Number of protein chains: 4
Amino acid sequence: MTTVSIVGGSGYGGGEALRLLLDHPNVEVKQVTSRSHLGEFVYQVHPNLRKRTQLKFSDPAQLEPVEVLLLAQPHGQAQHEIERYAGLAGRIVDLAADFRLRDAGAYERWYGERHAAPEWLGRFVYGLPELHRPELAAAHYVSGVGCNATASNLALLPLVRADLIHKDEPIIIEIKVGSSEGGAEGNPASHHPERASVIRTFSPFGHRHTAEVIQEMGLPDVSLTMTSVDLVRGVLATAHARVRAGVTAKDLWNAYRGAANENPFIRIVKEQRGIYRVPEPKILAGSNYADLGFDLDESRGHVVSMCAIDNLMKGAAGSAVQCLNLMMGWDETLGLEFAGLHPL
Amino acid sequence: MTTVSIVGGSGYGGGEALRLLLDHPNVEVKQVTSRSHLGEFVYQVHPNLRKRTQLKFSDPAQLEPVEVLLLAQPHGQAQHEIERYAGLAGRIVDLAADFRLRDAGAYERWYGERHAAPEWLGRFVYGLPELHRPELAAAHYVSGVGCNATASNLALLPLVRADLIHKDEPIIIEIKVGSSEGGAEGNPASHHPERASVIRTFSPFGHRHTAEVIQEMGLPDVSLTMTSVDLVRGVLATAHARVRAGVTAKDLWNAYRGAANENPFIRIVKEQRGIYRVPEPKILAGSNYADLGFDLDESRGHVVSMCAIDNLMKGAAGSAVQCLNLMMGWDETLGLEFAGLHPL
Amino acid sequence: MTTVSIVGGSGYGGGEALRLLLDHPNVEVKQVTSRSHLGEFVYQVHPNLRKRTQLKFSDPAQLEPVEVLLLAQPHGQAQHEIERYAGLAGRIVDLAADFRLRDAGAYERWYGERHAAPEWLGRFVYGLPELHRPELAAAHYVSGVGCNATASNLALLPLVRADLIHKDEPIIIEIKVGSSEGGAEGNPASHHPERASVIRTFSPFGHRHTAEVIQEMGLPDVSLTMTSVDLVRGVLATAHARVRAGVTAKDLWNAYRGAANENPFIRIVKEQRGIYRVPEPKILAGSNYADLGFDLDESRGHVVSMCAIDNLMKGAAGSAVQCLNLMMGWDETLGLEFAGLHPL
Amino acid sequence: MTTVSIVGGSGYGGGEALRLLLDHPNVEVKQVTSRSHLGEFVYQVHPNLRKRTQLKFSDPAQLEPVEVLLLAQPHGQAQHEIERYAGLAGRIVDLAADFRLRDAGAYERWYGERHAAPEWLGRFVYGLPELHRPELAAAHYVSGVGCNATASNLALLPLVRADLIHKDEPIIIEIKVGSSEGGAEGNPASHHPERASVIRTFSPFGHRHTAEVIQEMGLPDVSLTMTSVDLVRGVLATAHARVRAGVTAKDLWNAYRGAANENPFIRIVKEQRGIYRVPEPKILAGSNYADLGFDLDESRGHVVSMCAIDNLMKGAAGSAVQCLNLMMGWDETLGLEFAGLHPL
């Protein structure tokens with residue numbers, strides 16, 4: 001059994017990672033830290049874990065050496081303590097945004113402040129297996145992924161890999177998200193009477209996750225428009241791009257099928273009948289799948305590519321555990337077998 | 001035009017009262033106070049009022065004399081300032097719980113503290129027109145009503161008035177409520193990811209509104225069980241009681257029809273076909289109706305009586321405006337004509 | 001009092017029109033027809049109208065002469081009976097799609113069948129007052145508006161009127177809609193367990209309402225992407241376009257302010273603080289407002305323009321009543337004063 | 001591997017059973033039948049199973065011999081074919097209501113028709129392990145459980161086992177349910193615009209599941225009041241009873257702790273702090289837990305006992321698989337390990 005501790009386990013990402021690791025056949029969870037819930041049973045914060053573990057939240061200052069540290073703190077903390085963490089564990093998987101960007105300048109542009117440990121940026125591998133499977137197998141430090149970036153990157157992946165779209169033309173990605181994306185801390189806009197039933201565009205462009213799409217896809221002119229809808233878990237990214245001359249629906253099918261064949265958690269959803277014809281986040285809650293779909297208006301060369309994920313799974317803890325599996329040489333899908341629920 | 005000012009206008013009850021009074025044909029709204037939103041346009045807090053008024057929130061310390069003061073502060077404040085308010089306005093309608101109970105001892109038992117102005121308790125009329133129409137017509141001071149108490153009292157009204165139930169046997173009232181009942185201030189449990197999709201019993205018994213049911217209905221053994229569900233506006237109270245021997249469905253019909261005939265905002269909903277066969281709060285949003293229904297298990301003498309209301313309207317601001325109309329000698333329904341929406 | 005009858009009153013558009021006309025000071029509703037609910041009280045289908053009217057649904061075959069007919073049938077029916085209707089009433093307002101397009105060829109392309117009464121297409125004025133106020137004042141026949149088309153047209157209106165965008169470049173409009181848009185008839189995908197919590201893209205492009213945007217805005221390369229979310233009433237259209245060189249945020253402000261000043265039901269929502277900073281459909285339920293917002297990425301010349309409406313009001317019955325007011329020479333806002341609710 | 005076939009696999013209960021059995025380590029799913037979806041891939045109906053199985057729905061008339069048949073048909077079908085099924089499989093687990101009641105007279109009273117195979121009623125064991133664990137271990141035929149009956153029976157179990165309540169006094173059970181309880185077939189009331197945001201009491205008393213509570217708990221005067229709320233999966237039963245003289249909170253704690261200790265899927269939720277202090281169905285989606293809570297008003301002898309479950313799991317497919325495990329001599333929790341999600 002490989003020992004893993006979770007730093008920042010009272011948030012949603014940390015809680016989801018904890019759920020996955022408690023049931024993971026190769027892992028023993030040693031510590032889960034939380035400053036604000038110190039001493040409480042983890043099931044008092046994550047009620048689904050009642051009768052599953054008697055672990056209590058421990059003090060982050062009293063972290064013990066362990067084989068793997070999984071960091072699930074709010075953004076901006078890990079970079080200040082990365083040396084300490086690296087002294088405690090040989091392998092680190094971060095869920096936050098601290099080590100996602102390779103370039104310290106890009107970090108400063110998008111996050112509005114200097115990075116506190118720029119020398120560590122190059123040591124981390126971007127934690128999306130569909131993009132970096134070989135590097136992850138050799139990695140000791142793995143970054144988190146932005147949930148919106150993940151939905152965007154996977155929506156674009158088949159198009160970019162097969163070179164089917166004009167990369168220099170504007171690419172517009174419209175993203176609809178549930179409320180868990182905002183994290184476990186409430187704010188006036190997340191108060192239920194204000195947040196229920198919304199279609200609320202909180203970021204027309206300029207969202208920080210854009211930087212991960214630019215970096216990973218190599219697309220210079222991409223924008224993410226973020227809209228909250230009434231759902232707790234789930235992201236749907238809808239990317240609008242222009243295909244190169246002559247590209248047909250068949251080319252698209254080939255590209256998407258290739259992605260699904262190479263990646264255990266990618267599925268194509270493109271049906272002519274039934275209720276579920278396109279990717280939909282609602283059936284993905286708790287699952288690590290990324291469902292892809294597309295449609296091509298051949299007359300206008302306009303391709304619409306969709307990716308649905310659970311933001312806390314494929315968009316956070318699920319990808320992190322998948323990276324852990326790869327890093328440790330285990331089966332990539334270990335501990336990530338839950339199929340999702342229908343109906344929900 | 002009668003001048004009215006609203007004290008505490010940034011909350012949900014105050015906002016709803018403001019919406020009603022801005023469109024009220026006999027009223028001119030003079031001031032709306034809010035300490036926390038001082039100087040902001042009221043439409044920045046209540047976005048439905050954009051382009052309807054250029055009023056800004058003013059300082060509660062700078063209240064000016066006015067014909068009627070409508071108090072919409074959090075519970076426990078009005079009783080400390082009632083002398084000042086009475087000096088500013090000849091008529092006062094309170095939405096809070098400060099002046100609902102007639103008995104200072106009962107107040108202390110249910111609210112856990114001595115009342116700050118017990119001599120004022122007797123000057124207020126309990127603000128539910130269906131129970132106190134004549135007194136309200138002569139009143140200068142009108143109390144608010146608890147939304148859960150209102151749904152309970154109206155569910156019981158036909159049964160108690162016609163003396164159809166055993167008043168000394170336990171009466172169990174199960175109440176399902178939306179999230180706006182908790183007020184405009186968020187808390188950890190109202191954070192959308194935690195509050196969405198709940199069926200959450202926050203008070204099995206002992207809810208403070210019970211005191212208003214005991215007082216107004218004269219029922220000694222009544223309990224209110226409060227459960228939050230996924231809805232913003234709305235309350236459904238379901239009262240379980242035992243009918244006296246020989247009471248039939250026809251007796252119940254007579255009692256409920258009487259209540260509906262005497263009260264413009266009471267309707268009976270008891271259909272054999274269609275989708276809407278029973279009282280349902282969802283179609284009452286924004287309306288001042290109280291929809292009543294009932295069913296009798298004759299073999300067991302068990303009557304189930306239901307009342308659905310919008311907690312912010314009939315359960316708060318709507319009843320307050322109805323009381324204002326009565327107090328001023330206007331048509332009881334003035335400014336309260338909105339029918340509600342279907343579908344919603 | 002002007003007499004009005006509603007043909008097809010059991011659907012959502014017809015029910016909403018009925019609600020508005022029952023409270024309209026200048027209108028007397030004479031008949032409401034429904035084949036499927038013949039003989040039922042209208043409040044059995046539209047439960048918000050209980051105690052508001054004792055009207056029953058009558059037989060569409062027994063329509064009597066009246067001053068104005070409001071048609072609220074499913075698409076494709078009115079064009080087959082328009083001669084009969086015109087014989088019964090001097091003025092007609094249609095809610096359906098039958099008479100929205102001016103060109104019979106366009107109708108055939110978008111609706112996949114020949115129009116049954118092409119000679120009537122030119123007699124109808126497109127029923128959006130913000131686009132055709134003068135013509136509506138002189139009209140006898142007014143068409144309905146597509147709800148998605150309305151949100152799109154109003155989102156684009158300030159940009160197009162002030163000539164701020166490249167009209168020949170692709171314009172992408174992402175539209176999120178509630179479930180009432182699908183009408184009152186259920187289908188497997190609208191069954192609550194399947195429909196709740198969705199983010200479901202039911203039309204990536206090719207939606208019929210696109211034809212109304214092309215016709216009314218004169219934009220050749222526009223696409224509408226339709227996504228259902230968990231809400232009953234409401235549409236948010238988000239239009240992405242490229243501004244002409246040199247266009248600044250100030251130019252946009254001027255254009256949007258102009259639109260808001262000229263039109264009583266257009267509001268600009270663009271705040272720097274508070275919860276409601278952008279247009280949101282949730283606060284518009286029951287109201288006839290169209291809330292507009294925008295944002296400009298000057299570096300990329302990318303403008304995002306948003307319009308939120310209630311699809312059953314501004315997107316259907318509300319605009320129809322507004323047109324009726326204009327056609328009759330009444331105040332444009334008569335019967336449309338409801339402000340909407342906060343919270344909801 | 002034990003071979004299992006599912007009869008009626010396109011409904012919600014059958015789909016959930018299929019999900020569980022596909023991942024069950026000791027089971028091989030051989031056939032899944034559906035008349036209406038014959039020939040379709042099961043993942044076209046249950047989209048969560050995409051990439052998990054290539055099974056197609058087969059013809060129920062062409063069922064092949066198998067070790068265990070799991071019946072998931074609509075109520076009233078299995079009793080007509082039970083002889084055929086028993087000829088095909090040595091063991092049968094039914095999810096429907098056909099074989100839940102021991103007494104043919106009770107069946108006729110509650111279901112309004114004679115049972116078609118009354119001689120089979122005595123051969124089935126009622127499929128709730130918490131009540132019949134030893135009999136289930138020896139059973140060949142196991143009935144389904146009503147979801148509302150299960151929540152009620154488990155809410156009452158500790159009280160009845162420890163003889164803490166007056167069994168002859170009226171017991172009122174208020175049950176709040178999600179929309180999946182109504183099954184996969186839509187109806188006018190389940191159309192999303194009509195079903196969203198409801199608090200809709202569809203059965204004040206007389207619900208058929210009452211018969212299972214009377215039978216299993218031996219309580220003569222019990223009523224179930226059923227109310228639909230806005231949720232897809234989940235049931236909360238709240239039972240109101242009178243405790244015997246002298247019963248204290250400590251007695252209750254002992255009784256509930258006993259139930260939790262003896263049953264792997266029973267948990268007590270009774271916290272003084274945090275958001276999740278009482279049983280809540282929302283965190284149970286996909287899990288087989290039954291969460292119990294209680295509160296005692298000692299002055300009035302009024303106990304409120306709550307049980308939350310996922311109606312498709314503990315209330316249907318989960319209990320069925322648990323029974324299968326017991327019947328086969330396997331670990332009771334096999335294939336039922338999913339913890340549920342937080343947040344959701």
# chains A, B, ... in the order shown; residues from 1 in each chain; ligands from 1

$ interface_residues --of "chain A" --to "chain D" --cutoff "7 Å" --atoms "only C-alpha atoms" --output "mmCIF file with N, CA, C and O atoms, in the first residue's frame"
data_model
loop_
_atom_site.group_PDB
_atom_site.id
_atom_site.type_symbol
_atom_site.label_atom_id
_atom_site.label_comp_id
_atom_site.auth_asym_id
_atom_site.auth_seq_id
_atom_site.Cartn_x
_atom_site.Cartn_y
_atom_site.Cartn_z
ATOM 1 N N GLN A 44 -17.824 14.737 9.099
ATOM 2 C CA GLN A 44 -18.679 15.858 9.504
ATOM 3 C C GLN A 44 -18.714 16.937 8.414
ATOM 4 O O GLN A 44 -19.674 17.675 8.299
ATOM 5 N N VAL A 45 -17.655 16.984 7.618
ATOM 6 C CA VAL A 45 -17.616 17.930 6.503
ATOM 7 C C VAL A 45 -18.082 17.253 5.209
ATOM 8 O O VAL A 45 -18.805 17.844 4.414
ATOM 9 N N HIS A 46 -17.648 16.020 5.024
ATOM 10 C CA HIS A 46 -18.005 15.257 3.827
ATOM 11 C C HIS A 46 -18.919 14.123 4.266
ATOM 12 O O HIS A 46 -18.468 12.999 4.542
ATOM 13 N N PRO A 47 -20.209 14.379 4.338
ATOM 14 C CA PRO A 47 -21.110 13.435 5.006
ATOM 15 C C PRO A 47 -21.249 12.103 4.285
ATOM 16 O O PRO A 47 -21.711 11.128 4.891
ATOM 17 N N ASN A 48 -20.850 12.053 3.036
ATOM 18 C CA ASN A 48 -20.880 10.782 2.309
ATOM 19 C C ASN A 48 -19.857 9.794 2.865
ATOM 20 O O ASN A 48 -19.959 8.591 2.612
ATOM 21 N N LEU A 49 -18.878 10.265 3.617
ATOM 22 C CA LEU A 49 -17.821 9.384 4.120
ATOM 23 C C LEU A 49 -18.108 8.824 5.510
ATOM 24 O O LEU A 49 -17.284 8.104 6.083
ATOM 25 N N VAL A 232 -25.048 21.487 -9.577
ATOM 26 C CA VAL A 232 -23.945 21.542 -8.627
ATOM 27 C C VAL A 232 -22.642 21.078 -9.275
ATOM 28 O O VAL A 232 -21.630 21.771 -9.237
ATOM 29 N N ARG A 233 -22.678 19.880 -9.869
ATOM 30 C CA ARG A 233 -21.483 19.341 -10.514
ATOM 31 C C ARG A 233 -21.666 19.325 -12.007
ATOM 32 O O ARG A 233 -22.660 18.813 -12.494
ATOM 33 N N GLY A 274 -33.075 8.707 -29.079
ATOM 34 C CA GLY A 274 -32.979 8.642 -27.632
ATOM 35 C C GLY A 274 -32.875 10.022 -27.018
ATOM 36 O O GLY A 274 -32.860 11.046 -27.720
ATOM 37 N N TYR A 276 -30.404 11.010 -24.794
ATOM 38 C CA TYR A 276 -29.013 11.450 -24.560
ATOM 39 C C TYR A 276 -28.219 11.359 -25.862
ATOM 40 O O TYR A 276 -27.512 10.401 -26.104
ATOM 41 N N ILE A 283 -25.138 13.279 -16.241
ATOM 42 C CA ILE A 283 -24.950 11.842 -15.995
ATOM 43 C C ILE A 283 -23.507 11.501 -15.621
ATOM 44 O O ILE A 283 -23.177 10.340 -15.405
ATOM 45 N N GLY A 286 -19.614 12.160 -10.422
ATOM 46 C CA GLY A 286 -18.872 11.092 -9.766
ATOM 47 C C GLY A 286 -18.054 10.240 -10.704
ATOM 48 O O GLY A 286 -17.264 9.405 -10.255
ATOM 49 N N ALA A 339 -19.434 4.438 -12.671
ATOM 50 C CA ALA A 339 -19.984 4.700 -14.002
ATOM 51 C C ALA A 339 -20.788 5.987 -14.083
ATOM 52 O O ALA A 339 -21.113 6.453 -15.170
ATOM 53 N N GLY A 340 -21.146 6.547 -12.959
ATOM 54 C CA GLY A 340 -22.114 7.659 -12.990
ATOM 55 C C GLY A 340 -23.521 7.123 -12.889
ATOM 56 O O GLY A 340 -23.743 5.910 -13.040
ATOM 57 N N LEU A 341 -24.470 8.004 -12.643
ATOM 58 C CA LEU A 341 -25.834 7.581 -12.344
ATOM 59 C C LEU A 341 -26.820 8.060 -13.399
ATOM 60 O O LEU A 341 -26.701 9.169 -13.919
ATOM 61 N N HIS A 342 -27.781 7.202 -13.669
ATOM 62 C CA HIS A 342 -28.923 7.587 -14.503
ATOM 63 C C HIS A 342 -30.179 6.985 -13.901
ATOM 64 O O HIS A 342 -30.190 5.808 -13.608
ATOM 65 N N LEU A 344 -30.456 11.189 -12.686
ATOM 66 C CA LEU A 344 -29.923 11.971 -11.570
ATOM 67 C C LEU A 344 -30.443 13.391 -11.706
ATOM 68 O O LEU A 344 -30.385 13.967 -12.772
#

$ residues_around --residues "stretch 130-140 of chain C" --least-positions-apart "5" --cutoff "9 Å" --atoms "only C-alpha atoms" --output "list in words"
Gly90, Arg91, Ile92, Val93, Arg123, Phe124, Val125, Asn153, Leu154, Leu157, Glu216, Ala259, Glu262, Asn263, Phe265, Ile266, Cys323, Leu324, Asn325, Leu326, Met327, Met328 and Gly329 of chain C

$ residues_around --residues "B:Leu336" --least-positions-apart "3" --cutoff "8 Å" --atoms "only C-alpha atoms" --output "PyMOL selection string"
chain B and resi 20+287-288+318+321-322+333

$ residues_around --residues "D:Thr238" --least-positions-apart "5" --cutoff "9 Å" --atoms "only C-alpha atoms" --output "number ranges by chain"
D: 151-152, 155, 172-176, 304-308

$ select_by_dssp --residues "stretch 105-266 of chain C" --states "helix (DSSP H, G or I)" --output "compact mmCIF listing (two decimals) with N, CA and C atoms, in the first residue's frame"
# COMPACT_ATOMS: atom_id res chain seq x y z
N GLY C 105 -40.01 31.92 -49.81
CA GLY C 105 -38.87 31.02 -50.06
C GLY C 105 -38.09 30.75 -48.80
N ALA C 106 -37.83 31.79 -48.04
CA ALA C 106 -37.14 31.61 -46.76
C ALA C 106 -37.96 30.71 -45.84
N TYR C 107 -39.28 30.95 -45.84
CA TYR C 107 -40.14 30.09 -45.01
C TYR C 107 -39.93 28.62 -45.39
N GLU C 108 -39.95 28.35 -46.66
CA GLU C 108 -39.84 26.95 -47.11
C GLU C 108 -38.47 26.37 -46.75
N ARG C 109 -37.43 27.16 -46.89
CA ARG C 109 -36.09 26.66 -46.55
C ARG C 109 -36.00 26.31 -45.06
N TRP C 110 -36.51 27.18 -44.20
CA TRP C 110 -36.31 26.98 -42.77
C TRP C 110 -37.33 26.03 -42.14
N TYR C 111 -38.54 25.99 -42.74
CA TYR C 111 -39.58 25.17 -42.12
C TYR C 111 -39.85 23.88 -42.88
N PRO C 118 -49.13 32.16 -48.64
CA PRO C 118 -47.99 33.08 -48.84
C PRO C 118 -48.44 34.52 -49.09
N GLU C 119 -49.63 34.70 -49.63
CA GLU C 119 -50.09 36.07 -49.91
C GLU C 119 -50.32 36.85 -48.63
N TRP C 120 -50.43 36.15 -47.48
CA TRP C 120 -50.62 36.84 -46.21
C TRP C 120 -49.30 37.27 -45.57
N LEU C 121 -48.20 36.74 -46.03
CA LEU C 121 -46.92 37.05 -45.37
C LEU C 121 -46.65 38.55 -45.38
N GLY C 122 -46.97 39.19 -46.50
CA GLY C 122 -46.68 40.61 -46.61
C GLY C 122 -47.63 41.50 -45.81
N ARG C 123 -48.74 40.93 -45.37
CA ARG C 123 -49.71 41.75 -44.65
C ARG C 123 -49.40 41.85 -43.16
N PRO C 129 -41.79 45.37 -31.12
CA PRO C 129 -41.92 46.84 -31.12
C PRO C 129 -40.57 47.55 -31.21
N GLU C 130 -39.56 47.01 -30.65
CA GLU C 130 -38.24 47.66 -30.68
C GLU C 130 -37.71 47.79 -32.11
N LEU C 131 -38.24 46.97 -33.00
CA LEU C 131 -37.80 47.03 -34.40
C LEU C 131 -38.82 47.70 -35.32
N HIS C 132 -40.08 47.63 -34.97
CA HIS C 132 -41.13 48.05 -35.92
C HIS C 132 -42.23 48.88 -35.27
N ARG C 133 -41.87 49.75 -34.34
CA ARG C 133 -42.90 50.50 -33.64
C ARG C 133 -43.83 51.29 -34.58
N PRO C 134 -43.28 52.05 -35.52
CA PRO C 134 -44.20 52.83 -36.36
C PRO C 134 -45.13 51.94 -37.20
N GLU C 135 -44.59 50.89 -37.81
CA GLU C 135 -45.44 50.02 -38.63
C GLU C 135 -46.52 49.36 -37.78
N LEU C 136 -46.17 49.02 -36.52
CA LEU C 136 -47.14 48.34 -35.67
C LEU C 136 -48.32 49.26 -35.35
N ALA C 137 -48.02 50.55 -35.22
CA ALA C 137 -49.10 51.48 -34.90
C ALA C 137 -50.14 51.53 -36.01
N CYS C 147 -38.86 33.36 -29.44
CA CYS C 147 -38.25 33.84 -28.20
C CYS C 147 -36.73 33.92 -28.33
N ASN C 148 -36.14 32.93 -28.99
CA ASN C 148 -34.68 32.96 -29.16
C ASN C 148 -34.28 34.05 -30.14
N ALA C 149 -35.12 34.24 -31.15
CA ALA C 149 -34.86 35.31 -32.10
C ALA C 149 -34.93 36.67 -31.41
N THR C 150 -35.88 36.81 -30.51
CA THR C 150 -36.03 38.08 -29.81
C THR C 150 -34.82 38.37 -28.94
N ALA C 151 -34.37 37.39 -28.18
CA ALA C 151 -33.18 37.60 -27.36
C ALA C 151 -31.98 37.92 -28.24
N SER C 152 -31.89 37.26 -29.38
CA SER C 152 -30.77 37.50 -30.29
C SER C 152 -30.87 38.87 -30.93
N ASN C 153 -32.05 39.20 -31.43
CA ASN C 153 -32.23 40.49 -32.11
C ASN C 153 -31.99 41.65 -31.17
N LEU C 154 -32.44 41.52 -29.94
CA LEU C 154 -32.25 42.64 -29.00
C LEU C 154 -30.80 42.70 -28.53
N ALA C 155 -30.13 41.56 -28.45
CA ALA C 155 -28.69 41.59 -28.12
C ALA C 155 -27.91 42.30 -29.22
N LEU C 156 -28.35 42.11 -30.46
CA LEU C 156 -27.61 42.68 -31.59
C LEU C 156 -28.06 44.10 -31.93
N LEU C 157 -29.26 44.46 -31.51
CA LEU C 157 -29.86 45.73 -31.94
C LEU C 157 -28.94 46.94 -31.77
N PRO C 158 -28.38 47.18 -30.57
CA PRO C 158 -27.54 48.38 -30.44
C PRO C 158 -26.30 48.32 -31.34
N LEU C 159 -25.75 47.13 -31.51
CA LEU C 159 -24.54 46.99 -32.32
C LEU C 159 -24.84 47.23 -33.80
N VAL C 160 -25.96 46.73 -34.25
CA VAL C 160 -26.29 46.85 -35.67
C VAL C 160 -26.78 48.26 -35.99
N ARG C 161 -27.63 48.80 -35.14
CA ARG C 161 -28.14 50.15 -35.39
C ARG C 161 -27.02 51.18 -35.47
N SER C 179 -37.19 25.29 -19.74
CA SER C 179 -37.98 24.20 -20.31
C SER C 179 -39.32 24.64 -20.86
N SER C 180 -39.82 25.80 -20.46
CA SER C 180 -41.14 26.21 -20.96
C SER C 180 -41.07 26.53 -22.44
N GLU C 181 -39.87 26.78 -22.94
CA GLU C 181 -39.73 27.06 -24.37
C GLU C 181 -40.24 25.91 -25.23
N GLY C 182 -40.18 24.70 -24.70
CA GLY C 182 -40.62 23.54 -25.48
C GLY C 182 -42.12 23.37 -25.55
N PRO C 188 -40.45 12.49 -24.15
CA PRO C 188 -39.56 11.72 -23.28
C PRO C 188 -38.42 12.54 -22.68
N ALA C 189 -37.91 13.50 -23.44
CA ALA C 189 -36.78 14.28 -22.93
C ALA C 189 -37.20 15.35 -21.92
N SER C 190 -38.50 15.61 -21.82
CA SER C 190 -38.95 16.62 -20.86
C SER C 190 -39.45 15.99 -19.55
N HIS C 192 -39.29 14.82 -16.00
CA HIS C 192 -38.46 15.52 -15.02
C HIS C 192 -37.14 14.83 -14.68
N PRO C 193 -37.13 13.51 -14.44
CA PRO C 193 -35.83 12.90 -14.09
C PRO C 193 -34.79 13.03 -15.21
N GLU C 194 -35.25 13.14 -16.45
CA GLU C 194 -34.32 13.27 -17.57
C GLU C 194 -33.99 14.74 -17.84
N ARG C 195 -34.90 15.62 -17.52
CA ARG C 195 -34.75 17.03 -17.88
C ARG C 195 -34.10 17.86 -16.78
N THR C 210 -33.26 31.22 -36.30
CA THR C 210 -32.16 31.90 -37.00
C THR C 210 -32.70 32.74 -38.15
N ALA C 211 -33.73 32.23 -38.82
CA ALA C 211 -34.28 32.95 -39.98
C ALA C 211 -34.77 34.34 -39.60
N GLU C 212 -35.30 34.47 -38.38
CA GLU C 212 -35.80 35.78 -37.95
C GLU C 212 -34.66 36.75 -37.65
N VAL C 213 -33.53 36.21 -37.23
CA VAL C 213 -32.37 37.07 -36.97
C VAL C 213 -31.78 37.54 -38.29
N ILE C 214 -31.69 36.63 -39.22
CA ILE C 214 -31.18 37.00 -40.54
C ILE C 214 -32.09 38.06 -41.18
N GLN C 215 -33.39 37.83 -41.11
CA GLN C 215 -34.35 38.77 -41.73
C GLN C 215 -34.33 40.14 -41.05
N GLU C 216 -34.35 40.14 -39.75
CA GLU C 216 -34.54 41.41 -39.04
C GLU C 216 -33.24 42.19 -38.86
N MET C 217 -32.14 41.47 -38.77
CA MET C 217 -30.86 42.16 -38.53
C MET C 217 -30.03 42.33 -39.80
N ALA C 249 -15.33 51.05 -25.88
CA ALA C 249 -16.38 50.77 -24.91
C ALA C 249 -17.36 51.94 -24.82
N LYS C 250 -16.84 53.14 -25.01
CA LYS C 250 -17.72 54.30 -24.95
C LYS C 250 -18.75 54.30 -26.08
N ASP C 251 -18.30 53.89 -27.27
CA ASP C 251 -19.24 53.78 -28.38
C ASP C 251 -20.34 52.78 -28.04
N LEU C 252 -19.93 51.69 -27.41
CA LEU C 252 -20.92 50.67 -27.04
C LEU C 252 -21.89 51.23 -26.01
N TRP C 253 -21.37 51.90 -25.00
CA TRP C 253 -22.25 52.51 -24.00
C TRP C 253 -23.28 53.42 -24.67
N ASN C 254 -22.81 54.23 -25.59
CA ASN C 254 -23.75 55.14 -26.27
C ASN C 254 -24.84 54.38 -27.01
N ALA C 255 -24.44 53.34 -27.67
CA ALA C 255 -25.42 52.58 -28.46
C ALA C 255 -26.43 51.89 -27.56
N TYR C 256 -25.96 51.30 -26.49
CA TYR C 256 -26.88 50.59 -25.59
C TYR C 256 -27.77 51.58 -24.83
N ARG C 257 -27.18 52.69 -24.42
CA ARG C 257 -28.01 53.70 -23.74
C ARG C 257 -29.10 54.22 -24.64
N GLY C 258 -28.76 54.40 -25.91
CA GLY C 258 -29.76 54.85 -26.86
C GLY C 258 -30.93 53.87 -26.93
N ALA C 259 -30.59 52.60 -27.01
CA ALA C 259 -31.64 51.58 -27.10
C ALA C 259 -32.52 51.59 -25.85
N ALA C 260 -31.88 51.76 -24.69
CA ALA C 260 -32.66 51.76 -23.44
C ALA C 260 -33.52 53.01 -23.34
N ASN C 261 -33.01 54.12 -23.85
CA ASN C 261 -33.80 55.36 -23.76
C ASN C 261 -35.01 55.35 -24.69
N GLU C 262 -34.84 54.70 -25.82
CA GLU C 262 -35.93 54.71 -26.80
C GLU C 262 -37.01 53.67 -26.52

$ residues_around --residues "D:Thr2" --least-positions-apart "3" --cutoff "8 Å" --atoms "only C-alpha atoms" --output "list in words"
Asn26, Val27, Glu28, Glu67 and Val68 of chain D

$ select_by_dssp --residues "stretch 97-255 of chain D" --states "strand (DSSP E)" --output "number ranges by chain"
D: 141-142, 171-177, 199-203, 222-229, 235-242

$ atom_distance --atom1 "atom CA of C:Thr248" --atom2 "atom CA of C:Met226"
29.4 Å

$ residues_around --residues "D:Asn187" --least-positions-apart "5" --cutoff "9 Å" --atoms "only C-alpha atoms" --output "short mmCIF file (atom, residue, chain, number, x, y, z; two decimals) with N, CA and C atoms, in the first residue's frame"
data_model
loop_
_atom_site.label_atom_id
_atom_site.label_comp_id
_atom_site.auth_asym_id
_atom_site.auth_seq_id
_atom_site.Cartn_x
_atom_site.Cartn_y
_atom_site.Cartn_z
N GLY C 186 -45.61 17.40 -23.17
CA GLY C 186 -44.42 16.68 -22.75
C GLY C 186 -43.87 15.77 -23.82
N ASN C 187 -42.65 15.35 -23.63
CA ASN C 187 -42.02 14.34 -24.50
C ASN C 187 -41.00 13.59 -23.65
N HIS C 191 -39.41 14.67 -19.46
CA HIS C 191 -39.76 13.95 -18.23
C HIS C 191 -38.77 14.42 -17.14
#
